[in-house]
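Remarks on the structure that follows.
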Amino acid sequence: GKALRDMRASLDGRRYMERYTQMLTHELKSPLAAIQGASELLEEDMPDSQRDKFLRNIRQETQRSTDIIDGLLKLSHLEAKDSLLQRQPICASGLFNKVNQLISTRLSTKQLTLEICCPEFLKIYGDAMMLETALVNLLENAIEFSPEKGVIHLSASVTHGRLSLSVMDHGPGLAPFVKDRAFEHFFSMREKSKGSGLGLVFVKEVAMLHSGTVSIGNHHSGGAIACITLPE
């Protein structure tokens, strides 16, 4: 029985690696092709403004490639876990303040305000680093779709023994097809600055490891809202 379990684990691990290798090679083809095309064009004579444009494209696609690789590494690390080994008490307001510091530069770029609503003594039991990264991913999406000088809401509440961490923006909201595909690997909702397409998948894995769920949809007052729901 042990030999069979070991063999199954070995085969599952091999399939897992094959799956991620295929995904990585597939997703890197596009940015690498863009980098190659832009670098070949740079060998020709052209105005400085056009040359700067191609150099910006190379930098953007290089960053995108890095984001994809980093995202897959983080995601594979999460997906390899069956559960959290330890759950530490986390002060929700302290977690929110830390997240606010991490995204402050991105907020100021669009002159956005982050409004935080959190009960002062609310505790979350889990992994602080995972939850911090998950909230930053949700906030980065909210920043992308928020109008300049707008407001983003980060809030925590407890209802019927369930703890909710939510991020709401006042952007255009989600297209109907997005809700069904939002948690697919490499599906990106962004248009202006295409992301790795792994942020929401990471959030989903974090929620599952905390015995919770994540949802995303349109708010009745306008804009989009994403919510991580955890046991209290």
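How things are named: the first chain in the structure tokens is A, the next is B, and so on; residues count from 1 in each chain; ligands count from 1 in the order shown.
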Could you pull out the alpha helix (DSSP H) residues of stretch 120-232 of chain A from DSSP and send them as an MDAnalysis selection string?
chainID A and resid 128:145 178:181 199:209
Would you mind telling me which residue in A:Pro89, A:Gly212, A:Gly94, A:Gly150 lies nearest to A:Ile116 when using only C-alpha atoms?
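With only C-alpha atoms as the atom set, the closest residue is A:Gly94.
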Return the single residue from A:Leu28, A:Glu44, A:Leu139, A:Val178 that is closest to A:Gln63, with distances computed using only C-alpha atoms.
A:Leu28
Of the candidates A:Glu120, A:Lys149, A:Pro31, A:Gln50, which one gets nearest to A:Asp67 if we count only C-alpha atoms?
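The answer is A:Pro31, which sits nearest to A:Asp67.
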If you measure from atom CA of A:Thr113 to atom CA of A:His153, what distance in Å do you get, rounded to one decimal?
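Computed distance, atom CA of A:Thr113 to atom CA of A:His153, equals 8.5 Å.
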Name the residues in contact with A:Glu115 at a cut-off of 10 Å, using only C-alpha atoms, excluding same-chain residues fewer than 4 positions from it; report them as a list in words.
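Neighbouring residues, sequence-local ones excluded: Asn100, Val151, Ile152, His153, Leu154, Ser155, Val167 and Met168 of chain A.
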What does the structure give for the distance between atom CA of A:Gly161 and atom CA of A:Phe202, in Å to one decimal?
24.5 Å
